Amino acid sequence: MSHTTSPLIRLTSIHKTYVTGPVTYEALKGIDLSVKSGEFVAIMGPSGSGKSTLMNILGALDNPTSGKYYLKNKDISHYSDDELATIRNQEIGFIFQSFNLLPRTSVLKNVERPMMYAGIEKAERTKRALDSLDTVGIRDKADNLSNHLSGGQIQRVAIARALVMNPSILLADEPTGNLDSTTAHEIMKFINNLNDKGSTVLLITHEDEIAQYAKRILTIKDGLVKSDKTNSRRK
Amino acid sequence: MDFKELLQLSFDALRSNLVRTLLTMLGIIIGIASVITIISLGEGSTASIVNEFSTLGANIVTVSPGRFTRGPGGGGGISSTLVESDADAIEGLTNVVLTSSTISGTKALSANGETTNSNVQGVETSYQEIQSLTLSAGRFFDESEVQTASRDVVLGDTVVEDLFGENSEEFAIGESVRIDNKSFLVIGVITESSSVIIPLTTAQKILFAQSYLNSISVEVMDTELIDSTITQIENTLLIQHDIDKLEDADFSVTSIQAITDSISSVTGTLTAMISGIAAISLIVGGIGIMNIMLVTVTERTKEIGLLKAIGAKRRDILTQFLVESAVLTMFGGMIGMLLGISLSFIISSLINIPFVISVTSIILAISVSAAVGILFGWYPAKKAADLSPIDALRYE
């Protein structure tokens, strides 16, 4: 397989079963999925559908019970906690719905943090963090404390931090869930821009309107892929 | 992440909740301060006692009659086995400079309408040199006065004060003092003393009516020779008294050195024991640290989840929390140390003992407090490091 055609992400028959005492619950019942570099995929589904579980596995936050997860052709489905931490650090940029930033910490230090875990030197860290803040347009807030920012600004800092390690995947988990609709669209347009410039984006959302920004919409129901369509109504 | 950055992170975290940080440190502060203070005061009082004894003369050996027996019915000292020929034999030893035989006992002392009980010592003229007595007024008795058993007395300045009032040293000279209702003439006053000293012969013939001695003070040439001289004295007296074994001896030989050594060892043991009790507060402080660190970990669960999501490994989280608790306790230790040093300084100047702070106790304070932080911070830090990123992120 040549580099251009090989998918960035390939899931084969992913199962995830939770065991709590005598009760077992199968959250994912065999997911097959391929995502190529540069795609913008929205993962939708009602609560309890297994979409959060799928996100955890895609985000290397958890191992599947069975099945294979190939990221850049490497099977990471049996990686240890620390190996997964390295994958998250190097390959995945997270944007969460809430609690994106460390409290009582400056914007700059928040953006620098992933690079600290990567062992990058202080001078380069600061430079890259400022560049990244420039990209999201809030370099002037670099020295502000994270708790003195508006909701939209927080999401921008989160995006700056997600971008700073040049990850393979931007994983946005309900990134607009806490925002008013004007700001939400502003952030989505921004994420859309990043995708246009080549970033691969995985967007987890339950809002149809937000999902319309994606090029491809995947719907999960009862732990299985219910539909997988190219988004014809794309904004 | 290098260590400097970890320290910076800890400072930021600790500063963000300053009141809690200070309250948590309090246990360590009190623990370290009390250990430092106790060690300092213990060493200070040992130094003070030892000083006091060594001014009595480190090169003095004392021979006492009887032997120190153990168990019920023991308790020597009051025995009539020591005689003047023993003193003469000891004086003949090569390492011995001088000896002074002493007879002593408590007698009623009166003058000027005042009466007091005092330990009266009958000594030889050499006693003044052996004990390095200095006179603030008058003179010590001389050889001829000892020969003739004259009724002269040399008083300590505190005795003079008791009998004649303050600043009466000069006045006291030539005054008459009654000891056991026998009249004596005051011829000298000794500085910083509570002694009542009369010629040995006078004590033997007039006051105590005994020929045996209560002790012999021996001045040895050099403090280095103390131990060997003690052995020589023991061997000499065994022959004098016709006794085979030292265990059966009817006398005992002790040096000031031996006394200060045993005092040092007693105060050392006491200091160690009380410091041990104070160290319990360090354990209590450590438990306080563990408790607060557990609360901190719980409060920061989401933060830990976020850090793990952006790539923090188990070790990153573990060291971050360990450094945080070690910084907490080390700061407490340093504050406690300063507090302990100030307290020791104040108390030792109040009770008039030397102010002693040993480097050992400072090193001990810092290392013990850091150890407490790491030891009691371990469990909370491990708990933080072991959190699964999903559970931590989902924590509300």
# chains A, B, ... in the order shown; residues from 1 in each chain; ligands from 1
call {"tool": "residues_around", "arguments": {"residues": "Lys122 (chain A)", "least_positions_apart": "4", "cutoff": "12 Å", "atoms": "only C-alpha atoms", "output": "list in words"}}
result
Leu108, Lys109, Glu112, Arg113, Met115, Met116, Tyr117, Ala118, Thr126, Lys127, Arg128 and Ala129 of chain A; Met1, Asp2, Lys4 and Glu5 of chain B
call {"tool": "select_by_dssp", "arguments": {"residues": "region 68-196 of chain A", "states": "alpha helix (DSSP H)", "output": "PyMOL selection string"}}
result
chain A and resi 81-91+107-117+122-135+151-163+181-196
call {"tool": "closest_atom_pairs", "arguments": {"of": "chain A", "to": "chain B", "cutoff": "7 Å", "atoms": "only C-alpha atoms", "output": "JSON lines"}}
result
{"residue": "A:Leu61", "atom": "CA", "partner": "B:Pro389", "partner_atom": "CA", "distance": 6.4}
{"residue": "A:Asp82", "atom": "CA", "partner": "B:Lys313", "partner_atom": "CA", "distance": 5.3}
{"residue": "A:Ala85", "atom": "CA", "partner": "B:Gly311", "partner_atom": "CA", "distance": 4.6}
{"residue": "A:Thr86", "atom": "CA", "partner": "B:Gly311", "partner_atom": "CA", "distance": 5.7}
{"residue": "A:Arg88", "atom": "CA", "partner": "B:Gly311", "partner_atom": "CA", "distance": 5.4}
{"residue": "A:Asn89", "atom": "CA", "partner": "B:Gly311", "partner_atom": "CA", "distance": 4.0}
{"residue": "A:Leu102", "atom": "CA", "partner": "B:Glu303", "partner_atom": "CA", "distance": 6.3}
{"residue": "A:Pro114", "atom": "CA", "partner": "B:Ile310", "partner_atom": "CA", "distance": 5.6}
{"residue": "A:Met116", "atom": "CA", "partner": "B:Met1", "partner_atom": "CA", "distance": 5.4}
{"residue": "A:Tyr117", "atom": "CA", "partner": "B:Ala312", "partner_atom": "CA", "distance": 5.9}
{"residue": "A:Gly119", "atom": "CA", "partner": "B:Met1", "partner_atom": "CA", "distance": 5.8}
call {"tool": "write_last_selection", "arguments": {"atoms": "N, CA and C atoms", "output": "mmCIF file, in the first residue's frame"}}
result
data_model
loop_
_atom_site.group_PDB
_atom_site.id
_atom_site.type_symbol
_atom_site.label_atom_id
_atom_site.label_comp_id
_atom_site.auth_asym_id
_atom_site.auth_seq_id
_atom_site.Cartn_x
_atom_site.Cartn_y
_atom_site.Cartn_z
ATOM 1 N N LEU A 61 -7.480 6.805 24.451
ATOM 2 C CA LEU A 61 -7.678 6.939 25.889
ATOM 3 C C LEU A 61 -7.972 5.583 26.506
ATOM 4 N N ASP A 82 1.211 3.856 29.257
ATOM 5 C CA ASP A 82 2.223 4.865 28.943
ATOM 6 C C ASP A 82 2.458 4.982 27.438
ATOM 7 N N ALA A 85 -0.222 7.045 26.195
ATOM 8 C CA ALA A 85 0.015 8.447 26.550
ATOM 9 C C ALA A 85 0.903 9.106 25.501
ATOM 10 N N THR A 86 1.912 8.379 25.048
ATOM 11 C CA THR A 86 2.792 8.918 24.007
ATOM 12 C C THR A 86 2.030 9.128 22.700
ATOM 13 N N ARG A 88 -1.173 9.745 22.395
ATOM 14 C CA ARG A 88 -2.038 10.922 22.577
ATOM 15 C C ARG A 88 -1.218 12.195 22.476
ATOM 16 N N ASN A 89 -0.026 12.144 23.048
ATOM 17 C CA ASN A 89 0.833 13.320 23.044
ATOM 18 C C ASN A 89 1.283 13.690 21.621
ATOM 19 N N LEU A 102 -6.114 24.067 32.179
ATOM 20 C CA LEU A 102 -5.718 23.959 33.576
ATOM 21 C C LEU A 102 -6.077 25.253 34.276
ATOM 22 N N PRO A 114 1.644 20.160 26.604
ATOM 23 C CA PRO A 114 1.922 18.910 25.877
ATOM 24 C C PRO A 114 3.386 18.817 25.450
ATOM 25 N N MET A 116 5.876 20.002 27.127
ATOM 26 C CA MET A 116 6.656 19.633 28.310
ATOM 27 C C MET A 116 6.733 18.118 28.409
ATOM 28 N N TYR A 117 5.601 17.449 28.187
ATOM 29 C CA TYR A 117 5.597 15.985 28.281
ATOM 30 C C TYR A 117 6.373 15.358 27.129
ATOM 31 N N GLY A 119 9.129 16.620 26.103
ATOM 32 C CA GLY A 119 10.538 16.886 26.369
ATOM 33 C C GLY A 119 11.137 17.941 25.464
#
call {"tool": "select_by_dssp", "arguments": {"residues": "region 28-70 of chain A", "states": "strand (DSSP E or B)", "output": "list in words"}}
result
Leu28, Lys29, Gly30, Ile31, Asp32, Leu33, Ser34, Val35, Phe40, Val41, Ala42, Ile43, Met44, Ser66, Gly67, Lys68, Tyr69 and Tyr70 of chain A
call {"tool": "residues_around", "arguments": {"residues": "Asn117 (chain B)", "least_positions_apart": "3", "cutoff": "12 Å", "atoms": "only C-alpha atoms", "output": "list in words"}}
result
Gly105, Thr106, Lys107, Ala108, Leu109, Ser110, Ala111, Glu114, Val120, Val159, Asp162, Leu163, Arg178, Ile179, Asp180, Ser194, Ser195 and Val196 of chain B
call {"tool": "closest_residue", "arguments": {"among": "B:Ala258, B:Met330, B:Met25, B:Ile287", "to": "Val50 (chain B)", "atoms": "only C-alpha atoms"}}
result
B:Ala258
call {"tool": "closest_residue", "arguments": {"among": "B:Ile256, B:Val327, B:Val154, B:Ile216", "to": "Ser193 (chain B)", "atoms": "only C-alpha atoms"}}
result
B:Val154
call {"tool": "atom_distance", "arguments": {"atom1": "CA of Glu219 (chain B)", "atom2": "CA of Val97 (chain B)"}}
result
5.5 Å
